[in-house]
Amino acid sequence: MSPELLDAALAARGFMPPDEGLALFRAGRDAAAAVPGAPLLEIGSYCGKSSIYLGAAARDGDTVLVAVDHHRGSEENQPGWEWHEPDLVDPAVGRMDTLPIFRRTVHDAGLEGTVVALVGDSPTVARFWTTPCALVFIDGGHGAEPAATDYRVWTPHVAPGGLLAIHDVFPDPADGGRAPYEQIYRPAVDSGRFSEVSATGSLRVLRRVD
Ligand code: SAH
Ligand code: MG
């Protein structure tokens with residue numbers, strides 16, 4: 001990864017540790033090579049930290065990253081919850097708005113030509129999505145219902161030979177919330193359609209094998 005983009009990713013706000021971000025970059029690069037011309041797609045961009053790692057891979061692979069987020073925050077980002085950041089509330093609307101910061105992050109990284117923001121609700125966007133993706137990265141809502149929905153609506157869009165990356169996978173309940181493990185990782189592996197290629201921290205990368 002270019003030193004400039006790595007610096008930008010490290011400085012960006014968000015929830016992606018450096019080793020997992022670099023693993024995500026490598027997955028994006030490998031996916032772009034395995035399925036040439038297909039886009040990378042992420043669910044859950046927040047302020048754009050993971051978008052830089054995947055945007056760097058997309059740029060190297062001559063493709064784009066489609067970054068899907070409604071930018072209103074997940075349940076766990078709302079006031080009173082563990083992952084709330086009060087300065088991200090738009091006082092005029094009374095709801096979170098991470099889009100301005102996301103936009104600044106992508107601009108400052110020089111990735112506006114590569115990272116395409118798609119602002120909307122994940123299942124609503126998926127209803128009208130038809131393009132096979134070289135990589136789908138799921139890091140959206142971490143409740144059981146949103147995670148199960150993201151599994152159901154997005155995994156069919158991973159191209160044959162492409163990659164499915166999942167964040168916040170904690171097989172041991174002592175380490176964190178269960179939904180990405182129980183509602184995305186397990187069903188993907190148990191379906192026989194995906195096989196694990198790497199594990200870095202809570203990031204899992206699976207390849208579509210069917
Ligand atoms: N990948 C980010 C962190 C994502 S946090 C990083 O590297 O820092 C989870 C994000 O998922 C939030 O920004 C939230 O707005 C988004 N999200 C949650 N549910 C969503 C839904 N149904 N549709 C679109 N985005 C959603
Ligand atoms: Mg995450």
# chains A, B, ... in the order shown; residues from 1 in each chain; ligands from 1

$ residues_around --residues "stretch 44-55 of chain A" --least-positions-apart "2" --cutoff "8 Å" --atoms "only C-alpha atoms" --output "VMD selection string"
chain A and resid 5 to 6 8 to 10 12 to 16 21 to 22 24 to 25 28 40 42 57 to 59 64 to 65 67 to 69 71 73 98 to 99 101 to 103 105 to 106 109 111 114 to 115 138 to 141

$ residues_around --residues "A:Ala33" --least-positions-apart "4" --cutoff "12 Å" --atoms "only C-alpha atoms" --output "ChimeraX atom specification"
/A:26-29,37-40,57-63,134-135,161-163

$ residues_around --residues "A:Arg95" --least-positions-apart "5" --cutoff "10 Å" --atoms "only C-alpha atoms" --output "PyMOL selection string"
chain A and resi 71-73+78-79+88-90

$ write_last_selection --atoms "N, CA, C and O atoms" --output "PDB file, in the first residue's frame"
ATOM      1  N   HIS A  71     -25.119   6.638   6.499  1.00  0.00           N
ATOM      2  CA  HIS A  71     -24.402   7.665   7.275  1.00  0.00           C
ATOM      3  C   HIS A  71     -25.193   8.187   8.466  1.00  0.00           C
ATOM      4  O   HIS A  71     -24.907   9.269   8.977  1.00  0.00           O
ATOM      5  N   ARG A  72     -26.181   7.411   8.915  1.00  0.00           N
ATOM      6  CA  ARG A  72     -26.925   7.768  10.128  1.00  0.00           C
ATOM      7  C   ARG A  72     -26.475   6.964  11.340  1.00  0.00           C
ATOM      8  O   ARG A  72     -27.049   7.106  12.422  1.00  0.00           O
ATOM      9  N   GLY A  73     -25.468   6.135  11.149  1.00  0.00           N
ATOM     10  CA  GLY A  73     -24.946   5.361  12.271  1.00  0.00           C
ATOM     11  C   GLY A  73     -25.744   4.091  12.505  1.00  0.00           C
ATOM     12  O   GLY A  73     -26.929   4.006  12.172  1.00  0.00           O
ATOM     13  N   GLN A  78     -25.583   5.104  18.310  1.00  0.00           N
ATOM     14  CA  GLN A  78     -26.561   6.110  18.712  1.00  0.00           C
ATOM     15  C   GLN A  78     -26.296   6.593  20.140  1.00  0.00           C
ATOM     16  O   GLN A  78     -25.611   5.917  20.912  1.00  0.00           O
ATOM     17  N   PRO A  79     -26.832   7.787  20.505  1.00  0.00           N
ATOM     18  CA  PRO A  79     -26.625   8.314  21.858  1.00  0.00           C
ATOM     19  C   PRO A  79     -26.985   7.276  22.920  1.00  0.00           C
ATOM     20  O   PRO A  79     -28.016   6.612  22.811  1.00  0.00           O
ATOM     21  N   LEU A  88     -20.644  13.759  16.046  1.00  0.00           N
ATOM     22  CA  LEU A  88     -21.109  13.313  14.736  1.00  0.00           C
ATOM     23  C   LEU A  88     -22.623  13.462  14.568  1.00  0.00           C
ATOM     24  O   LEU A  88     -23.184  13.043  13.563  1.00  0.00           O
ATOM     25  N   VAL A  89     -23.290  14.077  15.552  1.00  0.00           N
ATOM     26  CA  VAL A  89     -24.725  14.327  15.426  1.00  0.00           C
ATOM     27  C   VAL A  89     -24.932  15.647  14.683  1.00  0.00           C
ATOM     28  O   VAL A  89     -24.278  16.649  14.983  1.00  0.00           O
ATOM     29  N   ASP A  90     -25.807  15.629  13.677  1.00  0.00           N
ATOM     30  CA  ASP A  90     -26.211  16.863  12.984  1.00  0.00           C
ATOM     31  C   ASP A  90     -27.301  17.510  13.834  1.00  0.00           C
ATOM     32  O   ASP A  90     -28.417  17.001  13.914  1.00  0.00           O
TER      33      ASP A  90
END

$ residues_around --residues "stretch 166-183 of chain A" --least-positions-apart "5" --cutoff "9 Å" --atoms "only C-alpha atoms" --output "JSON list (two decimals) with N, CA and C atoms, in the first residue's frame"
[["chain", "number", "residue", "atom", "x", "y", "z"],
["A", 16, "MET", "N", -11.08, 0.51, 12.43],
["A", 16, "MET", "CA", -10.34, -0.50, 11.65],
["A", 16, "MET", "C", -8.88, -0.49, 12.09],
["A", 20, "GLU", "N", -5.64, -5.18, 10.53],
["A", 20, "GLU", "CA", -6.85, -5.64, 9.84],
["A", 20, "GLU", "C", -7.07, -4.82, 8.57],
["A", 136, "VAL", "N", -16.96, -8.20, -1.58],
["A", 136, "VAL", "CA", -17.97, -7.55, -0.74],
["A", 136, "VAL", "C", -17.45, -7.57, 0.68],
["A", 137, "PHE", "N", -17.39, -6.38, 1.29],
["A", 137, "PHE", "CA", -16.93, -6.24, 2.68],
["A", 137, "PHE", "C", -18.12, -5.83, 3.52],
["A", 138, "ILE", "N", -18.48, -6.64, 4.52],
["A", 138, "ILE", "CA", -19.65, -6.34, 5.35],
["A", 138, "ILE", "C", -19.20, -5.86, 6.73],
["A", 139, "ASP", "N", -19.54, -4.58, 7.02],
["A", 139, "ASP", "CA", -19.19, -3.96, 8.31],
["A", 139, "ASP", "C", -20.28, -2.94, 8.66],
["A", 140, "GLY", "N", -21.55, -3.34, 8.43],
["A", 140, "GLY", "CA", -22.68, -2.44, 8.67],
["A", 140, "GLY", "C", -23.23, -2.62, 10.07],
["A", 142, "HIS", "N", -24.50, -4.21, 13.39],
["A", 142, "HIS", "CA", -24.01, -5.43, 14.04],
["A", 142, "HIS", "C", -25.03, -6.08, 14.95],
["A", 143, "GLY", "N", -26.31, -5.65, 14.86],
["A", 143, "GLY", "CA", -27.38, -6.40, 15.52],
["A", 143, "GLY", "C", -27.66, -7.67, 14.73],
["A", 144, "ALA", "N", -28.38, -8.62, 15.36],
["A", 144, "ALA", "CA", -28.63, -9.91, 14.69],
["A", 144, "ALA", "C", -29.42, -9.70, 13.38],
["A", 145, "GLU", "N", -30.44, -8.86, 13.44],
["A", 145, "GLU", "CA", -31.30, -8.70, 12.26],
["A", 145, "GLU", "C", -30.56, -8.01, 11.10],
["A", 146, "PRO", "N", -29.91, -6.85, 11.34],
["A", 146, "PRO", "CA", -29.18, -6.23, 10.21],
["A", 146, "PRO", "C", -28.06, -7.11, 9.67],
["A", 147, "ALA", "N", -27.37, -7.83, 10.54],
["A", 147, "ALA", "CA", -26.27, -8.68, 10.05],
["A", 147, "ALA", "C", -26.83, -9.82, 9.19],
["A", 148, "ALA", "N", -27.92, -10.44, 9.66],
["A", 148, "ALA", "CA", -28.53, -11.53, 8.88],
["A", 148, "ALA", "C", -29.03, -11.00, 7.53],
["A", 149, "THR", "N", -29.59, -9.79, 7.55],
["A", 149, "THR", "CA", -30.08, -9.21, 6.30],
["A", 149, "THR", "C", -28.93, -8.94, 5.35],
["A", 150, "ASP", "N", -27.84, -8.36, 5.86],
["A", 150, "ASP", "CA", -26.68, -8.10, 4.98],
["A", 150, "ASP", "C", -26.14, -9.40, 4.38],
["A", 151, "TYR", "N", -26.13, -10.48, 5.18],
["A", 151, "TYR", "CA", -25.69, -11.76, 4.64],
["A", 151, "TYR", "C", -26.60, -12.19, 3.48],
["A", 188, "ALA", "N", -22.06, -18.35, 5.98],
["A", 188, "ALA", "CA", -21.27, -18.35, 4.74],
["A", 188, "ALA", "C", -20.44, -19.61, 4.64],
["A", 201, "GLY", "N", -7.03, -10.59, 13.24],
["A", 201, "GLY", "CA", -7.86, -9.97, 14.28],
["A", 201, "GLY", "C", -9.29, -10.45, 14.11],
["A", 202, "SER", "N", -10.24, -9.50, 14.00],
["A", 202, "SER", "CA", -11.64, -9.89, 13.82],
["A", 202, "SER", "C", -12.06, -9.88, 12.35],
["A", 203, "LEU", "N", -11.10, -9.72, 11.44],
["A", 203, "LEU", "CA", -11.43, -9.73, 10.01],
["A", 203, "LEU", "C", -11.30, -11.15, 9.46],
["A", 204, "ARG", "N", -12.34, -11.59, 8.76],
["A", 204, "ARG", "CA", -12.28, -12.88, 8.07],
["A", 204, "ARG", "C", -12.46, -12.63, 6.57],
["A", 205, "VAL", "N", -11.64, -13.32, 5.78],
["A", 205, "VAL", "CA", -11.76, -13.22, 4.33],
["A", 205, "VAL", "C", -12.06, -14.61, 3.79],
["A", 206, "LEU", "N", -13.14, -14.72, 3.05],
["A", 206, "LEU", "CA", -13.59, -15.99, 2.48],
["A", 206, "LEU", "C", -13.63, -15.86, 0.96]]

$ atom_distance --atom1 "atom CA of A:Asp108" --atom2 "atom 24 (C, counted along the ligand's line) of ligand 1"
23.0 Å

$ atom_distance --atom1 "atom CA of A:His157" --atom2 "atom CA of A:Thr131"
6.9 Å

$ atom_distance --atom1 "atom CA of A:His70" --atom2 "atom CA of A:Ala11"
22.6 Å

$ closest_residue --among "A:Trp83, A:Gly110, A:Met1, A:Val35" --to "ligand 2" --atoms "only C-alpha atoms and all ligand atoms"
A:Trp83

$ select_by_dssp --residues "chain A" --states "strand (DSSP E)" --output "MDAnalysis selection string"
chainID A and resid 40:43 65:69 89:90 95:96 115:119 133:138 158:166 194:200 203:208

$ closest_residue --among "A:Ala126, A:Leu164, A:Ile184, A:Ile43" --to "A:Val197" --atoms "only C-alpha atoms"
A:Leu164

$ select_by_dssp --residues "stretch 4-199 of chain A" --states "alpha helix (DSSP H)" --output "PyMOL selection string"
chain A and resi 4-11+18-34+49-60+99-108+122-127+144-154+179+186-190

$ write_last_selection --atoms "C-alpha atoms" --output "compact mmCIF listing (two decimals), in the first residue's frame"
# COMPACT_ATOMS: atom_id res chain seq x y z
CA GLU A 4 0.61 8.29 1.55
CA LEU A 5 -2.58 6.22 1.59
CA LEU A 6 -1.45 4.22 4.60
CA ASP A 7 -0.84 7.48 6.49
CA ALA A 8 -4.28 8.72 5.46
CA ALA A 9 -5.91 5.48 6.59
CA LEU A 10 -4.10 5.50 9.93
CA ALA A 11 -5.18 9.11 10.54
CA PRO A 18 -3.97 -1.20 11.18
CA ASP A 19 -3.24 -4.92 10.81
CA GLU A 20 -6.85 -5.64 9.84
CA GLY A 21 -6.87 -2.68 7.46
CA LEU A 22 -3.78 -3.97 5.70
CA ALA A 23 -5.33 -7.43 5.47
CA LEU A 24 -8.39 -5.77 3.94
CA PHE A 25 -6.16 -3.95 1.44
CA ARG A 26 -4.51 -7.24 0.43
CA ALA A 27 -7.91 -8.92 0.07
CA GLY A 28 -9.11 -6.07 -2.14
CA ARG A 29 -5.99 -6.26 -4.29
CA ASP A 30 -6.26 -10.05 -4.64
CA ALA A 31 -9.97 -9.84 -5.45
CA ALA A 32 -9.44 -7.17 -8.11
CA ALA A 33 -6.83 -9.42 -9.75
CA ALA A 34 -9.04 -12.53 -9.50
CA LYS A 49 -11.27 4.55 7.33
CA SER A 50 -11.86 1.12 5.74
CA SER A 51 -12.74 2.94 2.50
CA ILE A 52 -9.13 4.12 2.21
CA TYR A 53 -7.71 0.61 2.58
CA LEU A 54 -10.15 -0.76 0.01
CA GLY A 55 -9.92 2.36 -2.16
CA ALA A 56 -6.15 1.90 -2.35
CA ALA A 57 -6.70 -1.68 -3.53
CA ALA A 58 -9.32 -0.57 -6.05
CA ARG A 59 -7.02 2.09 -7.47
CA ASP A 60 -4.16 -0.40 -7.83
CA LEU A 99 -21.17 11.79 5.34
CA PRO A 100 -19.32 15.16 5.61
CA ILE A 101 -16.39 13.50 7.39
CA PHE A 102 -16.41 10.53 5.01
CA ARG A 103 -16.28 12.95 2.10
CA ARG A 104 -13.39 14.90 3.58
CA THR A 105 -11.49 11.68 4.31
CA VAL A 106 -11.84 10.46 0.72
CA HIS A 107 -10.98 13.89 -0.69
CA ASP A 108 -7.87 14.29 1.45
CA SER A 122 -28.17 -1.36 2.74
CA PRO A 123 -31.13 -3.68 1.95
CA THR A 124 -32.81 -0.94 -0.09
CA VAL A 125 -29.67 -0.49 -2.20
CA ALA A 126 -29.29 -4.27 -2.55
CA ARG A 127 -32.80 -4.61 -4.04
CA ALA A 144 -28.63 -9.91 14.69
CA GLU A 145 -31.30 -8.70 12.26
CA PRO A 146 -29.18 -6.23 10.21
CA ALA A 147 -26.27 -8.68 10.05
CA ALA A 148 -28.53 -11.53 8.88
CA THR A 149 -30.08 -9.21 6.30
CA ASP A 150 -26.68 -8.10 4.98
CA TYR A 151 -25.69 -11.76 4.64
CA ARG A 152 -28.87 -12.57 2.74
CA VAL A 153 -28.92 -9.58 0.39
CA TRP A 154 -25.21 -9.06 -0.36
CA ALA A 179 -23.95 -11.18 15.15
CA ARG A 186 -21.05 -19.16 10.10
CA PRO A 187 -23.79 -19.22 7.46
CA ALA A 188 -21.27 -18.35 4.74
CA VAL A 189 -18.88 -21.15 5.70
CA ASP A 190 -21.65 -23.64 6.51

$ decode --residues "stretch 57-91 of chain A" --atoms "N, CA and C atoms" --output "mmCIF file, in the first residue's frame"
data_model
loop_
_atom_site.group_PDB
_atom_site.id
_atom_site.type_symbol
_atom_site.label_atom_id
_atom_site.label_comp_id
_atom_site.auth_asym_id
_atom_site.auth_seq_id
_atom_site.Cartn_x
_atom_site.Cartn_y
_atom_site.Cartn_z
ATOM 1 N N ALA A 57 -6.714 -0.424 -2.770
ATOM 2 C CA ALA A 57 -6.702 -1.681 -3.532
ATOM 3 C C ALA A 57 -7.437 -1.506 -4.861
ATOM 4 N N ALA A 58 -8.551 -0.793 -4.826
ATOM 5 C CA ALA A 58 -9.322 -0.574 -6.053
ATOM 6 C C ALA A 58 -8.504 0.237 -7.057
ATOM 7 N N ARG A 59 -7.835 1.268 -6.571
ATOM 8 C CA ARG A 59 -7.024 2.092 -7.469
ATOM 9 C C ARG A 59 -5.915 1.259 -8.109
ATOM 10 N N ASP A 60 -5.216 0.464 -7.296
ATOM 11 C CA ASP A 60 -4.155 -0.405 -7.833
ATOM 12 C C ASP A 60 -4.714 -1.392 -8.857
ATOM 13 N N GLY A 61 -5.950 -1.839 -8.638
ATOM 14 C CA GLY A 61 -6.549 -2.856 -9.495
ATOM 15 C C GLY A 61 -7.365 -2.279 -10.636
ATOM 16 N N ASP A 62 -7.279 -0.958 -10.832
ATOM 17 C CA ASP A 62 -7.996 -0.294 -11.923
ATOM 18 C C ASP A 62 -9.506 -0.547 -11.858
ATOM 19 N N THR A 63 -10.055 -0.502 -10.645
ATOM 20 C CA THR A 63 -11.494 -0.617 -10.499
ATOM 21 C C THR A 63 -11.961 0.453 -9.509
ATOM 22 N N VAL A 64 -13.159 0.302 -8.957
ATOM 23 C CA VAL A 64 -13.666 1.275 -7.989
ATOM 24 C C VAL A 64 -14.114 0.558 -6.727
ATOM 25 N N LEU A 65 -14.232 1.339 -5.664
ATOM 26 C CA LEU A 65 -14.896 0.887 -4.445
ATOM 27 C C LEU A 65 -16.240 1.603 -4.361
ATOM 28 N N VAL A 66 -17.327 0.837 -4.284
ATOM 29 C CA VAL A 66 -18.643 1.408 -4.005
ATOM 30 C C VAL A 66 -18.847 1.326 -2.497
ATOM 31 N N ALA A 67 -18.999 2.482 -1.870
ATOM 32 C CA ALA A 67 -19.039 2.571 -0.410
ATOM 33 C C ALA A 67 -20.473 2.866 0.031
ATOM 34 N N VAL A 68 -21.183 1.828 0.491
ATOM 35 C CA VAL A 68 -22.603 1.952 0.853
ATOM 36 C C VAL A 68 -22.748 2.255 2.344
ATOM 37 N N ASP A 69 -23.459 3.322 2.660
ATOM 38 C CA ASP A 69 -23.765 3.668 4.057
ATOM 39 C C ASP A 69 -24.879 4.709 4.040
ATOM 40 N N HIS A 70 -25.831 4.603 4.982
ATOM 41 C CA HIS A 70 -26.822 5.698 5.078
ATOM 42 C C HIS A 70 -26.264 6.859 5.909
ATOM 43 N N HIS A 71 -25.119 6.638 6.499
ATOM 44 C CA HIS A 71 -24.402 7.665 7.275
ATOM 45 C C HIS A 71 -25.193 8.187 8.466
ATOM 46 N N ARG A 72 -26.181 7.411 8.915
ATOM 47 C CA ARG A 72 -26.925 7.768 10.128
ATOM 48 C C ARG A 72 -26.475 6.964 11.340
ATOM 49 N N GLY A 73 -25.468 6.135 11.149
ATOM 50 C CA GLY A 73 -24.946 5.361 12.271
ATOM 51 C C GLY A 73 -25.744 4.091 12.505
ATOM 52 N N SER A 74 -25.068 3.098 13.073
ATOM 53 C CA SER A 74 -25.719 1.857 13.477
ATOM 54 C C SER A 74 -26.354 2.065 14.839
ATOM 55 N N GLU A 75 -27.137 1.080 15.269
ATOM 56 C CA GLU A 75 -27.729 1.118 16.614
ATOM 57 C C GLU A 75 -26.661 1.424 17.668
ATOM 58 N N GLU A 76 -25.502 0.757 17.533
ATOM 59 C CA GLU A 76 -24.458 0.878 18.557
ATOM 60 C C GLU A 76 -23.714 2.216 18.493
ATOM 61 N N ASN A 77 -24.011 3.045 17.443
ATOM 62 C CA ASN A 77 -23.412 4.384 17.351
ATOM 63 C C ASN A 77 -24.348 5.473 17.905
ATOM 64 N N GLN A 78 -25.583 5.104 18.310
ATOM 65 C CA GLN A 78 -26.561 6.110 18.712
ATOM 66 C C GLN A 78 -26.296 6.593 20.140
ATOM 67 N N PRO A 79 -26.832 7.787 20.505
ATOM 68 C CA PRO A 79 -26.625 8.314 21.858
ATOM 69 C C PRO A 79 -26.985 7.276 22.920
ATOM 70 N N GLY A 80 -26.105 7.134 23.909
ATOM 71 C CA GLY A 80 -26.345 6.182 24.990
ATOM 72 C C GLY A 80 -25.737 4.817 24.737
ATOM 73 N N TRP A 81 -25.313 4.559 23.507
ATOM 74 C CA TRP A 81 -24.701 3.258 23.194
ATOM 75 C C TRP A 81 -23.185 3.358 23.260
ATOM 76 N N GLU A 82 -22.543 2.189 23.246
ATOM 77 C CA GLU A 82 -21.103 2.107 23.506
ATOM 78 C C GLU A 82 -20.257 2.888 22.501
ATOM 79 N N TRP A 83 -20.650 2.876 21.227
ATOM 80 C CA TRP A 83 -19.778 3.413 20.186
ATOM 81 C C TRP A 83 -20.267 4.759 19.666
ATOM 82 N N HIS A 84 -20.892 5.567 20.546
ATOM 83 C CA HIS A 84 -21.409 6.868 20.128
ATOM 84 C C HIS A 84 -20.316 7.937 20.173
ATOM 85 N N GLU A 85 -20.277 8.781 19.129
ATOM 86 C CA GLU A 85 -19.367 9.927 19.120
ATOM 87 C C GLU A 85 -20.240 11.177 18.935
ATOM 88 N N PRO A 86 -20.438 11.945 20.042
ATOM 89 C CA PRO A 86 -21.445 13.025 20.066
ATOM 90 C C PRO A 86 -21.232 14.090 18.994
ATOM 91 N N ASP A 87 -19.977 14.340 18.608
ATOM 92 C CA ASP A 87 -19.756 15.407 17.625
ATOM 93 C C ASP A 87 -20.219 14.990 16.233
ATOM 94 N N LEU A 88 -20.644 13.759 16.046
ATOM 95 C CA LEU A 88 -21.109 13.313 14.736
ATOM 96 C C LEU A 88 -22.623 13.462 14.568
ATOM 97 N N VAL A 89 -23.290 14.077 15.552
ATOM 98 C CA VAL A 89 -24.725 14.327 15.426
ATOM 99 C C VAL A 89 -24.932 15.647 14.683
ATOM 100 N N ASP A 90 -25.807 15.629 13.677
ATOM 101 C CA ASP A 90 -26.211 16.863 12.984
ATOM 102 C C ASP A 90 -27.301 17.510 13.834
ATOM 103 N N PRO A 91 -26.991 18.661 14.484
ATOM 104 C CA PRO A 91 -27.971 19.227 15.425
ATOM 105 C C PRO A 91 -29.272 19.659 14.743
#
